[in-house]
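Asker: Sharing a structure here in structure tokens format.
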Amino acid sequence: MTKRWKQRPPGSTWGDWGEDDELGRINLLTPEKVLQGVREVEAGVSFSLSLPLDHPGGTALNQRRYPPILRPTEDLAHKQDVFYNVVASEQIDPSLIDVWSDDVVTLWLQYSTQWDSLAHQGAEFDADGDGVAEPVYYNGFRPGEHLVGPEEDAKGDGSGSLSFARNLGLEKMAEHGVQGRGVLIDIAHHLGTGYQPVGFKQLQDIMTADNVVVEPGDMVLLHTGFATQILAWDKNPDPVAIHQTAAYLDADDPEILDWITNSQLSALISDNYAVEGVGVTKAEGPHTLLPIHHLCLFKLGVPLGELWYLHDLAAWLREHNRSRFLLTAPPLNLPGTQGSPLTPVATV
């Protein structure tokens, strides 16, 4: 593949793992990092870190994202929406005793517990070095060429797909496996669940108090209590409170951005909506709406996990004076996607 850029964003990892790299810092999840995660398993207890995928409920959190829609599949005669609770003796052959069901889902991939891929957010940047900024994604991949759509047959296989990430799709993470050592930082225990930015000093104080150490390649999880409240609302979230619940990383604190960069964490994960606050940056002039997304997805190649359920894991870790565990968290192996639901598992 021809090199797609002449200059890379300052402080980025573009090209660090090769000109065609699509994994970013997931490359730090090496076999040794997996073994480090395995060595954290002492009790053999596993925690599912996924919300039910029909949560938070409604569209109050994001008006573009809807709950999953289930329906039956068509029958063998291609009649729509009838292959469900089929009594074979009545509808197919009197000699059969079977009862069958088959279904289809329309799934908004970033509605609930999710990964954001490196194709989820890019930026305008002069990668060509010609003095004019152009839209690009991580490692110089381009809209229209590498991320196709919206257009007819974007996938190019006649399947009807109107968009398709030929590069940077989450199938690359799925093929990798995404397994290694997870490290949890329990913000909710120290600061409560009030809506507030968390700067580097607060984060450092929490880590020091709980003896939390983040090493290169670790996947870092932030427990804020947001997903716990999502469950409490039982798919009927308060439309105002849902945007004013729990802590988030202060993306306007340069030391937070430096920590993400210098720690060499491989993935940044939270139980809240976006890891950082949405639309709260005080930056002026040309700027990104979401500085942590910009840093992680566009510059560093760090995938973001959002809306993970961390309540039970955090409670167990605190009871046992621990912060580390084995984390297994591959996205769906669905080619061409910018986001993916998943059911991550932490084993302690």
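Chains: A, B, ... in order of the structure tokens. Residues: from 1 per chain. Ligands: from 1, in order shown.
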Would you please give, as a short mmCIF file (atom, residue, chain, number, x, y, z; two decimals) with all heavy atoms, in the first residue's frame, all residues of stretch 156-326 of chain A that DSSP assigns to alpha helix (DSSP H) based on the backbone?

Answerer:
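As written to disk, out.cif reads:
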```
data_model
loop_
_atom_site.label_atom_id
_atom_site.label_comp_id
_atom_site.auth_asym_id
_atom_site.auth_seq_id
_atom_site.Cartn_x
_atom_site.Cartn_y
_atom_site.Cartn_z
N GLU A 171 -13.16 -5.30 12.83
CA GLU A 171 -12.79 -6.70 12.63
C GLU A 171 -11.30 -6.93 12.89
O GLU A 171 -10.89 -8.03 13.26
CB GLU A 171 -13.17 -7.17 11.22
CG GLU A 171 -12.31 -6.64 10.08
CD GLU A 171 -12.80 -5.31 9.55
OE1 GLU A 171 -13.61 -4.64 10.24
OE2 GLU A 171 -12.37 -4.92 8.44
N LYS A 172 -10.50 -5.88 12.73
CA LYS A 172 -9.07 -6.03 13.01
C LYS A 172 -8.84 -6.30 14.50
O LYS A 172 -8.01 -7.14 14.87
CB LYS A 172 -8.31 -4.77 12.58
CG LYS A 172 -8.47 -4.43 11.10
CD LYS A 172 -7.91 -5.52 10.22
CE LYS A 172 -7.83 -5.10 8.76
NZ LYS A 172 -9.13 -4.76 8.16
N MET A 173 -9.55 -5.60 15.36
CA MET A 173 -9.47 -5.86 16.79
C MET A 173 -10.03 -7.24 17.13
O MET A 173 -9.49 -7.95 17.98
CB MET A 173 -10.19 -4.78 17.59
CG MET A 173 -9.38 -3.54 17.84
SD MET A 173 -10.30 -2.28 18.77
CE MET A 173 -10.60 -3.13 20.34
N ALA A 174 -11.13 -7.61 16.48
CA ALA A 174 -11.73 -8.91 16.74
C ALA A 174 -10.76 -10.04 16.41
O ALA A 174 -10.63 -11.02 17.15
CB ALA A 174 -13.03 -9.06 15.95
N GLU A 175 -10.08 -9.90 15.28
CA GLU A 175 -9.11 -10.92 14.87
C GLU A 175 -7.94 -10.99 15.84
O GLU A 175 -7.38 -12.06 16.08
CB GLU A 175 -8.62 -10.62 13.46
CG GLU A 175 -9.70 -10.79 12.40
CD GLU A 175 -9.36 -10.11 11.08
OE1 GLU A 175 -8.24 -9.54 10.97
OE2 GLU A 175 -10.19 -10.14 10.15
N HIS A 176 -7.57 -9.85 16.41
CA HIS A 176 -6.48 -9.82 17.38
C HIS A 176 -6.85 -10.57 18.66
O HIS A 176 -6.03 -11.28 19.24
CB HIS A 176 -6.12 -8.37 17.72
CG HIS A 176 -5.06 -8.22 18.76
ND1 HIS A 176 -5.34 -8.31 20.12
CD2 HIS A 176 -3.73 -8.00 18.67
CE1 HIS A 176 -4.22 -8.15 20.80
NE2 HIS A 176 -3.23 -7.95 19.95
N ILE A 187 -13.19 5.73 40.46
CA ILE A 187 -13.50 7.14 40.68
C ILE A 187 -14.74 7.29 41.55
O ILE A 187 -14.80 8.13 42.45
CB ILE A 187 -13.68 7.86 39.34
CG1 ILE A 187 -12.36 7.87 38.56
CG2 ILE A 187 -14.19 9.28 39.52
CD1 ILE A 187 -12.48 8.39 37.15
N ALA A 188 -15.77 6.48 41.30
CA ALA A 188 -17.04 6.60 42.03
C ALA A 188 -16.85 6.41 43.53
O ALA A 188 -17.51 7.09 44.34
CB ALA A 188 -18.05 5.60 41.48
N HIS A 189 -15.98 5.51 43.93
CA HIS A 189 -15.77 5.26 45.36
C HIS A 189 -15.24 6.50 46.06
O HIS A 189 -15.61 6.79 47.20
CB HIS A 189 -14.80 4.10 45.55
CG HIS A 189 -14.46 3.84 46.98
ND1 HIS A 189 -15.30 3.16 47.84
CD2 HIS A 189 -13.37 4.20 47.74
CE1 HIS A 189 -14.75 3.10 49.04
NE2 HIS A 189 -13.59 3.72 49.00
N HIS A 190 -14.40 7.25 45.39
CA HIS A 190 -13.75 8.40 46.03
C HIS A 190 -14.51 9.70 45.83
O HIS A 190 -14.49 10.56 46.70
CB HIS A 190 -12.33 8.55 45.48
CG HIS A 190 -11.41 7.45 45.90
ND1 HIS A 190 -10.69 7.49 47.06
CD2 HIS A 190 -11.11 6.25 45.31
CE1 HIS A 190 -9.97 6.37 47.17
NE2 HIS A 190 -10.21 5.61 46.12
N LEU A 191 -15.17 9.86 44.68
CA LEU A 191 -15.79 11.15 44.36
C LEU A 191 -17.30 11.09 44.30
O LEU A 191 -17.95 12.12 44.10
CB LEU A 191 -15.26 11.67 43.01
CG LEU A 191 -13.75 11.89 42.91
CD1 LEU A 191 -13.39 12.47 41.54
CD2 LEU A 191 -13.25 12.81 44.03
N PHE A 200 -6.12 15.62 36.37
CA PHE A 200 -5.05 14.66 36.60
C PHE A 200 -4.71 14.52 38.08
O PHE A 200 -4.47 13.41 38.56
CB PHE A 200 -3.80 15.07 35.82
CG PHE A 200 -2.63 14.17 36.06
CD1 PHE A 200 -2.63 12.87 35.58
CD2 PHE A 200 -1.55 14.60 36.81
CE1 PHE A 200 -1.55 12.02 35.81
CE2 PHE A 200 -0.47 13.75 37.05
CZ PHE A 200 -0.47 12.47 36.55
N LYS A 201 -4.68 15.62 38.82
CA LYS A 201 -4.33 15.52 40.23
C LYS A 201 -5.32 14.66 41.00
O LYS A 201 -4.93 13.82 41.82
CB LYS A 201 -4.25 16.91 40.88
CG LYS A 201 -3.76 16.86 42.33
CD LYS A 201 -3.69 18.20 42.98
CE LYS A 201 -3.07 18.10 44.37
NZ LYS A 201 -3.71 17.06 45.22
N GLN A 202 -6.62 14.86 40.73
CA GLN A 202 -7.62 14.01 41.38
C GLN A 202 -7.43 12.55 41.00
O GLN A 202 -7.49 11.65 41.85
CB GLN A 202 -9.03 14.45 40.98
CG GLN A 202 -9.49 15.77 41.58
CD GLN A 202 -10.81 16.19 40.99
OE1 GLN A 202 -10.89 16.48 39.79
NE2 GLN A 202 -11.84 16.22 41.80
N LEU A 203 -7.21 12.30 39.72
CA LEU A 203 -7.02 10.93 39.25
C LEU A 203 -5.79 10.31 39.90
O LEU A 203 -5.82 9.16 40.36
CB LEU A 203 -6.88 10.92 37.73
CG LEU A 203 -6.91 9.54 37.07
CD1 LEU A 203 -8.30 8.94 37.15
CD2 LEU A 203 -6.46 9.63 35.61
N GLN A 204 -4.71 11.09 39.97
CA GLN A 204 -3.49 10.59 40.58
C GLN A 204 -3.69 10.30 42.06
O GLN A 204 -3.19 9.29 42.58
CB GLN A 204 -2.37 11.61 40.39
CG GLN A 204 -0.98 11.10 40.78
CD GLN A 204 0.09 12.12 40.47
OE1 GLN A 204 -0.04 13.30 40.80
NE2 GLN A 204 1.16 11.68 39.80
N ASP A 205 -4.43 11.16 42.76
CA ASP A 205 -4.70 10.94 44.18
C ASP A 205 -5.49 9.65 44.40
O ASP A 205 -5.24 8.89 45.34
CB ASP A 205 -5.47 12.12 44.77
CG ASP A 205 -4.60 13.36 44.93
OD1 ASP A 205 -3.36 13.24 44.83
OD2 ASP A 205 -5.17 14.46 45.13
N ILE A 206 -6.47 9.40 43.52
CA ILE A 206 -7.26 8.17 43.62
C ILE A 206 -6.38 6.95 43.38
O ILE A 206 -6.45 5.95 44.12
CB ILE A 206 -8.43 8.21 42.61
CG1 ILE A 206 -9.45 9.26 43.03
CG2 ILE A 206 -9.08 6.83 42.47
CD1 ILE A 206 -10.49 9.55 41.96
N MET A 207 -5.54 7.02 42.38
CA MET A 207 -4.66 5.89 42.08
C MET A 207 -3.68 5.64 43.22
O MET A 207 -3.42 4.49 43.59
CB MET A 207 -3.91 6.17 40.77
CG MET A 207 -4.82 6.19 39.55
SD MET A 207 -3.97 6.70 38.02
CE MET A 207 -2.84 5.34 37.78
N THR A 208 -3.18 6.71 43.81
CA THR A 208 -2.25 6.55 44.93
C THR A 208 -2.96 5.93 46.14
O THR A 208 -2.42 5.02 46.79
CB THR A 208 -1.65 7.91 45.32
OG1 THR A 208 -0.92 8.43 44.20
CG2 THR A 208 -0.71 7.77 46.51
N ALA A 209 -4.16 6.41 46.43
CA ALA A 209 -4.92 5.89 47.57
C ALA A 209 -5.22 4.41 47.43
O ALA A 209 -5.23 3.67 48.42
CB ALA A 209 -6.22 6.68 47.73
N PHE A 226 -21.91 5.58 36.33
CA PHE A 226 -22.91 5.96 35.34
C PHE A 226 -23.75 4.76 34.89
O PHE A 226 -24.98 4.83 34.86
CB PHE A 226 -22.22 6.60 34.13
CG PHE A 226 -23.16 7.14 33.09
CD1 PHE A 226 -23.61 8.44 33.16
CD2 PHE A 226 -23.58 6.35 32.02
CE1 PHE A 226 -24.46 8.96 32.19
CE2 PHE A 226 -24.44 6.85 31.05
CZ PHE A 226 -24.88 8.16 31.14
N ALA A 227 -23.10 3.66 34.55
CA ALA A 227 -23.85 2.49 34.07
C ALA A 227 -24.72 1.89 35.16
O ALA A 227 -25.78 1.32 34.87
CB ALA A 227 -22.88 1.44 33.53
N THR A 228 -24.30 2.03 36.41
CA THR A 228 -25.14 1.56 37.52
C THR A 228 -26.46 2.33 37.55
O THR A 228 -27.53 1.75 37.75
CB THR A 228 -24.39 1.74 38.85
OG1 THR A 228 -23.11 1.11 38.76
CG2 THR A 228 -25.18 1.14 40.00
N GLN A 229 -26.38 3.63 37.32
CA GLN A 229 -27.59 4.45 37.27
C GLN A 229 -28.43 4.12 36.04
O GLN A 229 -29.67 4.13 36.10
CB GLN A 229 -27.23 5.94 37.26
CG GLN A 229 -28.43 6.87 37.21
CD GLN A 229 -29.39 6.67 38.37
OE1 GLN A 229 -28.99 6.80 39.53
NE2 GLN A 229 -30.64 6.35 38.08
N ILE A 230 -27.79 3.81 34.93
CA ILE A 230 -28.52 3.39 33.73
C ILE A 230 -29.41 2.19 34.05
O ILE A 230 -30.60 2.15 33.68
CB ILE A 230 -27.54 3.04 32.59
CG1 ILE A 230 -26.89 4.31 32.03
CG2 ILE A 230 -28.24 2.26 31.49
CD1 ILE A 230 -27.81 5.23 31.28
N LEU A 231 -28.87 1.20 34.75
CA LEU A 231 -29.67 0.03 35.12
C LEU A 231 -30.80 0.42 36.05
O LEU A 231 -31.93 -0.09 35.94
CB LEU A 231 -28.80 -1.03 35.77
CG LEU A 231 -27.91 -1.88 34.85
CD1 LEU A 231 -27.17 -2.92 35.67
CD2 LEU A 231 -28.75 -2.57 33.77
N ALA A 232 -30.54 1.33 36.97
CA ALA A 232 -31.57 1.74 37.93
C ALA A 232 -32.74 2.42 37.24
O ALA A 232 -33.88 2.33 37.69
CB ALA A 232 -30.96 2.68 38.98
N TRP A 233 -32.49 3.11 36.14
CA TRP A 233 -33.57 3.76 35.39
C TRP A 233 -34.43 2.76 34.63
O TRP A 233 -35.52 3.09 34.17
CB TRP A 233 -33.00 4.79 34.42
CG TRP A 233 -32.71 6.12 35.05
CD1 TRP A 233 -33.45 6.79 35.98
CD2 TRP A 233 -31.58 6.97 34.77
NE1 TRP A 233 -32.88 7.99 36.29
CE2 TRP A 233 -31.72 8.13 35.57
CE3 TRP A 233 -30.48 6.86 33.93
CZ2 TRP A 233 -30.79 9.16 35.54
CZ3 TRP A 233 -29.54 7.88 33.91
CH2 TRP A 233 -29.70 9.03 34.70
N PRO A 254 -4.41 19.53 30.38
CA PRO A 254 -3.34 18.96 29.54
C PRO A 254 -2.61 17.80 30.19
O PRO A 254 -2.08 16.93 29.49
CB PRO A 254 -2.40 20.16 29.31
CG PRO A 254 -2.75 21.15 30.38
CD PRO A 254 -4.19 20.95 30.69
N GLU A 255 -2.61 17.77 31.53
CA GLU A 255 -1.94 16.66 32.21
C GLU A 255 -2.70 15.35 32.04
O GLU A 255 -2.08 14.28 32.06
CB GLU A 255 -1.75 17.00 33.69
CG GLU A 255 -0.72 18.07 33.95
CD GLU A 255 -0.43 18.24 35.42
OE1 GLU A 255 -1.32 18.73 36.14
OE2 GLU A 255 0.69 17.86 35.86
N ILE A 256 -4.02 15.42 31.90
CA ILE A 256 -4.79 14.21 31.60
C ILE A 256 -4.38 13.68 30.23
O ILE A 256 -4.14 12.47 30.05
CB ILE A 256 -6.31 14.50 31.63
CG1 ILE A 256 -6.81 14.57 33.07
CG2 ILE A 256 -7.10 13.44 30.85
CD1 ILE A 256 -6.94 13.23 33.78
N LEU A 257 -4.28 14.56 29.24
CA LEU A 257 -3.88 14.14 27.90
C LEU A 257 -2.46 13.59 27.91
O LEU A 257 -2.17 12.58 27.25
CB LEU A 257 -4.00 15.31 26.93
CG LEU A 257 -5.39 15.97 26.84
CD1 LEU A 257 -5.38 17.08 25.79
CD2 LEU A 257 -6.48 14.95 26.53
N ASP A 258 -1.58 14.23 28.67
CA ASP A 258 -0.21 13.74 28.77
C ASP A 258 -0.17 12.36 29.42
O ASP A 258 0.62 11.49 29.02
CB ASP A 258 0.64 14.71 29.59
CG ASP A 258 0.94 16.01 28.86
OD1 ASP A 258 0.76 16.05 27.62
OD2 ASP A 258 1.34 16.98 29.53
N TRP A 259 -1.02 12.15 30.43
CA TRP A 259 -1.05 10.85 31.11
C TRP A 259 -1.50 9.75 30.15
O TRP A 259 -0.90 8.66 30.11
CB TRP A 259 -1.98 10.91 32.32
CG TRP A 259 -2.23 9.58 32.95
CD1 TRP A 259 -1.36 8.84 33.70
CD2 TRP A 259 -3.43 8.79 32.86
NE1 TRP A 259 -1.94 7.66 34.10
CE2 TRP A 259 -3.21 7.60 33.59
CE3 TRP A 259 -4.66 8.99 32.24
CZ2 TRP A 259 -4.19 6.61 33.71
CZ3 TRP A 259 -5.64 8.01 32.37
CH2 TRP A 259 -5.40 6.84 33.09
N ILE A 260 -2.52 10.02 29.37
CA ILE A 260 -2.98 9.04 28.39
C ILE A 260 -1.86 8.70 27.42
O ILE A 260 -1.63 7.53 27.07
CB ILE A 260 -4.22 9.57 27.64
CG1 ILE A 260 -5.41 9.69 28.60
CG2 ILE A 260 -4.57 8.64 26.47
CD1 ILE A 260 -6.60 10.42 27.99
N THR A 261 -1.13 9.72 26.99
CA THR A 261 -0.04 9.52 26.04
C THR A 261 1.12 8.76 26.69
O THR A 261 1.60 7.75 26.17
CB THR A 261 0.46 10.87 25.51
OG1 THR A 261 -0.60 11.53 24.82
CG2 THR A 261 1.63 10.68 24.56
N ASN A 262 1.58 9.26 27.83
CA ASN A 262 2.82 8.75 28.41
C ASN A 262 2.66 7.41 29.11
O ASN A 262 3.64 6.66 29.25
CB ASN A 262 3.39 9.78 29.39
CG ASN A 262 3.77 11.08 28.69
OD1 ASN A 262 4.12 11.09 27.52
ND2 ASN A 262 3.68 12.20 29.42
N SER A 263 1.46 7.09 29.58
CA SER A 263 1.24 5.81 30.25
C SER A 263 1.34 4.64 29.29
O SER A 263 1.56 3.50 29.71
CB SER A 263 -0.13 5.79 30.92
OG SER A 263 -1.16 5.82 29.93
N PRO A 291 -11.72 16.32 22.87
CA PRO A 291 -10.26 16.23 22.86
C PRO A 291 -9.69 14.84 23.15
O PRO A 291 -8.65 14.47 22.60
CB PRO A 291 -9.84 17.23 23.94
CG PRO A 291 -10.97 18.22 24.00
CD PRO A 291 -12.20 17.40 23.76
N ILE A 292 -10.33 14.08 24.04
CA ILE A 292 -9.81 12.74 24.34
C ILE A 292 -10.08 11.80 23.17
O ILE A 292 -9.22 10.98 22.82
CB ILE A 292 -10.39 12.22 25.67
CG1 ILE A 292 -9.78 13.01 26.84
CG2 ILE A 292 -10.12 10.72 25.83
CD1 ILE A 292 -10.32 12.64 28.20
N HIS A 293 -11.23 11.92 22.55
CA HIS A 293 -11.48 11.14 21.34
C HIS A 293 -10.44 11.48 20.27
O HIS A 293 -9.90 10.60 19.59
CB HIS A 293 -12.88 11.41 20.80
CG HIS A 293 -13.97 10.64 21.47
ND1 HIS A 293 -14.28 10.78 22.80
CD2 HIS A 293 -14.85 9.72 20.97
CE1 HIS A 293 -15.29 9.98 23.11
NE2 HIS A 293 -15.65 9.32 22.02
N HIS A 311 -19.86 -2.01 37.96
CA HIS A 311 -20.24 -1.94 39.38
C HIS A 311 -19.80 -3.17 40.16
O HIS A 311 -19.14 -3.06 41.21
CB HIS A 311 -21.76 -1.77 39.49
CG HIS A 311 -22.26 -1.70 40.90
ND1 HIS A 311 -22.43 -0.52 41.58
CD2 HIS A 311 -22.63 -2.68 41.77
CE1 HIS A 311 -22.88 -0.76 42.79
NE2 HIS A 311 -23.01 -2.07 42.93
N ASP A 312 -20.16 -4.35 39.69
CA ASP A 312 -19.88 -5.58 40.44
C ASP A 312 -18.38 -5.86 40.49
O ASP A 312 -17.85 -6.28 41.53
CB ASP A 312 -20.63 -6.76 39.83
CG ASP A 312 -22.13 -6.61 39.93
OD1 ASP A 312 -22.59 -5.82 40.78
OD2 ASP A 312 -22.84 -7.27 39.15
N LEU A 313 -17.70 -5.65 39.39
CA LEU A 313 -16.26 -5.86 39.37
C LEU A 313 -15.57 -4.91 40.34
O LEU A 313 -14.69 -5.33 41.11
CB LEU A 313 -15.71 -5.65 37.95
CG LEU A 313 -14.19 -5.65 37.81
CD1 LEU A 313 -13.61 -7.01 38.16
CD2 LEU A 313 -13.77 -5.22 36.40
N ALA A 314 -15.95 -3.63 40.31
CA ALA A 314 -15.33 -2.65 41.20
C ALA A 314 -15.54 -3.03 42.67
O ALA A 314 -14.62 -2.90 43.49
CB ALA A 314 -15.90 -1.26 40.92
N ALA A 315 -16.73 -3.50 43.02
CA ALA A 315 -17.02 -3.89 44.40
C ALA A 315 -16.15 -5.07 44.83
O ALA A 315 -15.61 -5.09 45.94
CB ALA A 315 -18.50 -4.22 44.55
N TRP A 316 -16.02 -6.05 43.95
CA TRP A 316 -15.20 -7.23 44.28
C TRP A 316 -13.74 -6.83 44.45
O TRP A 316 -13.07 -7.27 45.40
CB TRP A 316 -15.35 -8.29 43.19
CG TRP A 316 -14.77 -9.63 43.59
CD1 TRP A 316 -15.44 -10.69 44.12
CD2 TRP A 316 -13.40 -10.03 43.49
NE1 TRP A 316 -14.59 -11.73 44.36
CE2 TRP A 316 -13.31 -11.36 43.97
CE3 TRP A 316 -12.24 -9.42 43.04
CZ2 TRP A 316 -12.12 -12.07 44.04
CZ3 TRP A 316 -11.03 -10.12 43.08
CH2 TRP A 316 -10.98 -11.42 43.58
N LEU A 317 -13.23 -6.04 43.54
CA LEU A 317 -11.83 -5.63 43.62
C LEU A 317 -11.56 -4.86 44.90
O LEU A 317 -10.53 -5.07 45.56
CB LEU A 317 -11.46 -4.78 42.40
CG LEU A 317 -11.41 -5.51 41.05
CD1 LEU A 317 -11.23 -4.50 39.91
CD2 LEU A 317 -10.29 -6.55 41.01
N ARG A 318 -12.47 -3.97 45.27
CA ARG A 318 -12.27 -3.20 46.49
C ARG A 318 -12.29 -4.12 47.72
O ARG A 318 -11.47 -3.96 48.64
CB ARG A 318 -13.34 -2.11 46.62
CG ARG A 318 -13.19 -1.26 47.88
CD ARG A 318 -13.81 0.09 47.69
NE ARG A 318 -13.19 0.82 46.58
CZ ARG A 318 -12.02 1.44 46.65
NH1 ARG A 318 -11.33 1.44 47.79
NH2 ARG A 318 -11.53 2.06 45.61
N GLU A 319 -13.20 -5.07 47.74
CA GLU A 319 -13.29 -5.99 48.87
C GLU A 319 -12.01 -6.80 49.03
O GLU A 319 -11.61 -7.15 50.15
CB GLU A 319 -14.48 -6.93 48.67
CG GLU A 319 -14.67 -7.94 49.79
CD GLU A 319 -15.82 -8.89 49.52
OE1 GLU A 319 -16.56 -8.68 48.54
OE2 GLU A 319 -15.97 -9.85 50.31
#
```

Asker: What is the atom CA of A:Gly339-atom CA of A:Tyr111 distance in Å, reported with one decimal?

Answerer: 9.4 Å

Asker: Which of these residues is nearest to A:Leu332, using only C-alpha atoms: A:Glu215, A:Asp128, A:Asp75, A:Asp116?

Answerer: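 Answer, going by the shortest atom-to-atom distance: A:Asp116.
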
Asker: At a cut-off of 12 Å, using only C-alpha atoms, what residues contact A:Gln91? Leave out same-chain residues fewer than 6 positions from it and give the result as a VMD selection string.

Answerer: chain A and resid 75 to 77 82 to 85 97 to 100

Asker: Given the selection you just returned, output its residues as a file containing N, CA, C and O atoms, formatted as an mmCIF file, in the first residue's frame.

Answerer:
```cif
data_model
loop_
_atom_site.group_PDB
_atom_site.id
_atom_site.type_symbol
_atom_site.label_atom_id
_atom_site.label_comp_id
_atom_site.auth_asym_id
_atom_site.auth_seq_id
_atom_site.Cartn_x
_atom_site.Cartn_y
_atom_site.Cartn_z
ATOM 1 N N ASP A 75 -39.898 -17.059 6.133
ATOM 2 C CA ASP A 75 -39.939 -18.522 6.053
ATOM 3 C C ASP A 75 -39.300 -18.992 4.754
ATOM 4 O O ASP A 75 -38.752 -18.193 3.982
ATOM 5 N N LEU A 76 -39.347 -20.281 4.514
ATOM 6 C CA LEU A 76 -38.676 -20.830 3.337
ATOM 7 C C LEU A 76 -39.325 -20.410 2.029
ATOM 8 O O LEU A 76 -38.716 -20.534 0.965
ATOM 9 N N ALA A 77 -40.538 -19.908 2.103
ATOM 10 C CA ALA A 77 -41.198 -19.378 0.910
ATOM 11 C C ALA A 77 -40.974 -17.878 0.777
ATOM 12 O O ALA A 77 -41.618 -17.215 -0.023
ATOM 13 N N VAL A 82 -42.423 -14.386 9.465
ATOM 14 C CA VAL A 82 -43.334 -15.448 9.890
ATOM 15 C C VAL A 82 -42.620 -16.619 10.543
ATOM 16 O O VAL A 82 -43.264 -17.478 11.142
ATOM 17 N N PHE A 83 -41.285 -16.703 10.427
ATOM 18 C CA PHE A 83 -40.604 -17.881 10.953
ATOM 19 C C PHE A 83 -40.324 -17.687 12.436
ATOM 20 O O PHE A 83 -39.216 -17.391 12.866
ATOM 21 N N TYR A 84 -41.365 -17.890 13.232
ATOM 22 C CA TYR A 84 -41.262 -17.697 14.679
ATOM 23 C C TYR A 84 -42.372 -18.512 15.324
ATOM 24 O O TYR A 84 -43.530 -18.432 14.930
ATOM 25 N N ASN A 85 -42.006 -19.319 16.316
ATOM 26 C CA ASN A 85 -42.976 -20.235 16.936
ATOM 27 C C ASN A 85 -43.672 -21.089 15.876
ATOM 28 O O ASN A 85 -44.891 -21.277 15.892
ATOM 29 N N ILE A 97 -42.121 -33.203 14.725
ATOM 30 C CA ILE A 97 -42.489 -32.804 16.088
ATOM 31 C C ILE A 97 -41.822 -31.487 16.509
ATOM 32 O O ILE A 97 -41.987 -31.031 17.635
ATOM 33 N N ASP A 98 -41.092 -30.862 15.606
ATOM 34 C CA ASP A 98 -40.281 -29.708 15.978
ATOM 35 C C ASP A 98 -41.095 -28.420 16.077
ATOM 36 O O ASP A 98 -42.114 -28.237 15.424
ATOM 37 N N VAL A 99 -40.574 -27.531 16.917
ATOM 38 C CA VAL A 99 -41.059 -26.145 16.990
ATOM 39 C C VAL A 99 -39.832 -25.258 16.807
ATOM 40 O O VAL A 99 -38.829 -25.420 17.511
ATOM 41 N N TRP A 100 -39.903 -24.309 15.857
ATOM 42 C CA TRP A 100 -38.732 -23.507 15.516
ATOM 43 C C TRP A 100 -39.002 -22.016 15.638
ATOM 44 O O TRP A 100 -40.132 -21.547 15.430
#
```

Asker: Would you work out the distance separating atom CA of A:His55 from atom CA of A:Tyr273, expressed in Å to one decimal?

Answerer: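 The value is 12.0 Å.
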
Asker: Could you give me, as a compact mmCIF listing (two decimals) with C-alpha atoms, in the first residue's frame, the residues within 9 Å of A:Pro135, counting only C-alpha atoms and dropping anything in the same chain fewer than 6 positions from it?

Answerer:
```txt
# COMPACT_ATOMS: atom_id res chain seq x y z
CA GLY A 122 -10.75 11.58 12.44
CA ALA A 123 -9.78 15.20 11.89
CA GLU A 124 -8.81 17.75 9.31
CA PHE A 125 -5.02 17.66 9.16
CA ASP A 126 -2.39 18.46 6.54
CA ALA A 127 -1.09 14.92 6.12
CA ARG A 142 -9.10 8.73 3.99
CA PRO A 143 -12.86 9.26 3.77
```

Asker: Can you list, as a list in words, all residues belonging to stretch 89-161 of chain A that DSSP tags as strand (DSSP E or B)?

Answerer: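 Assigned to strand (DSSP E or B), within stretch 89-161 of chain A: Val99, Trp100, Asp103, Val104, Val105, Thr106, Gln114, Trp115, Asp116, Ala123, Glu124, Phe125, Glu134, Pro135, Val136, Pro143, Leu147 and Val148 of chain A.
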
Asker: By how many Å are atom CA of A:Gly182 and atom CA of A:Leu310 apart?

Answerer: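 Computing the Euclidean distance for atom CA of A:Gly182 and atom CA of A:Leu310 yields 11.9 Å.
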
Asker: List the neighbours of stretch 147-155 of chain A out to 12 Å using only C-alpha atoms; skip same-chain residues closer than 3 positions along the sequence, and give me the result as JSON, numbers by chain.

Answerer: {"A": [118, 119, 120, 121, 122, 135, 136, 137, 138, 140, 141, 142, 143, 144, 158, 159, 160, 161, 162, 163, 164, 165, 166, 167, 168, 169, 335, 336, 337, 338]}

Asker: Got a sec: who's within 12 Å of A:Ala241, counting only C-alpha atoms, leaving out chain neighbours fewer than 3 positions off, as a list in words?

Answerer: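 My list of contacting residues is Ala60, Leu61, Thr193, Gly194, Tyr195, Phe226, Gln229, Ile230, Trp233, Asn236, Pro237, Asp238, Gln244, Thr245 and Ala246 of chain A.
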
Asker: Could you check the closest approach to A:Trp115 for each of A:Glu306, A:Asp81, A:Asp93, A:Asp157 and tell me which residue wins, using only C-alpha atoms?

Answerer: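 The closest residue to A:Trp115 is A:Glu306.
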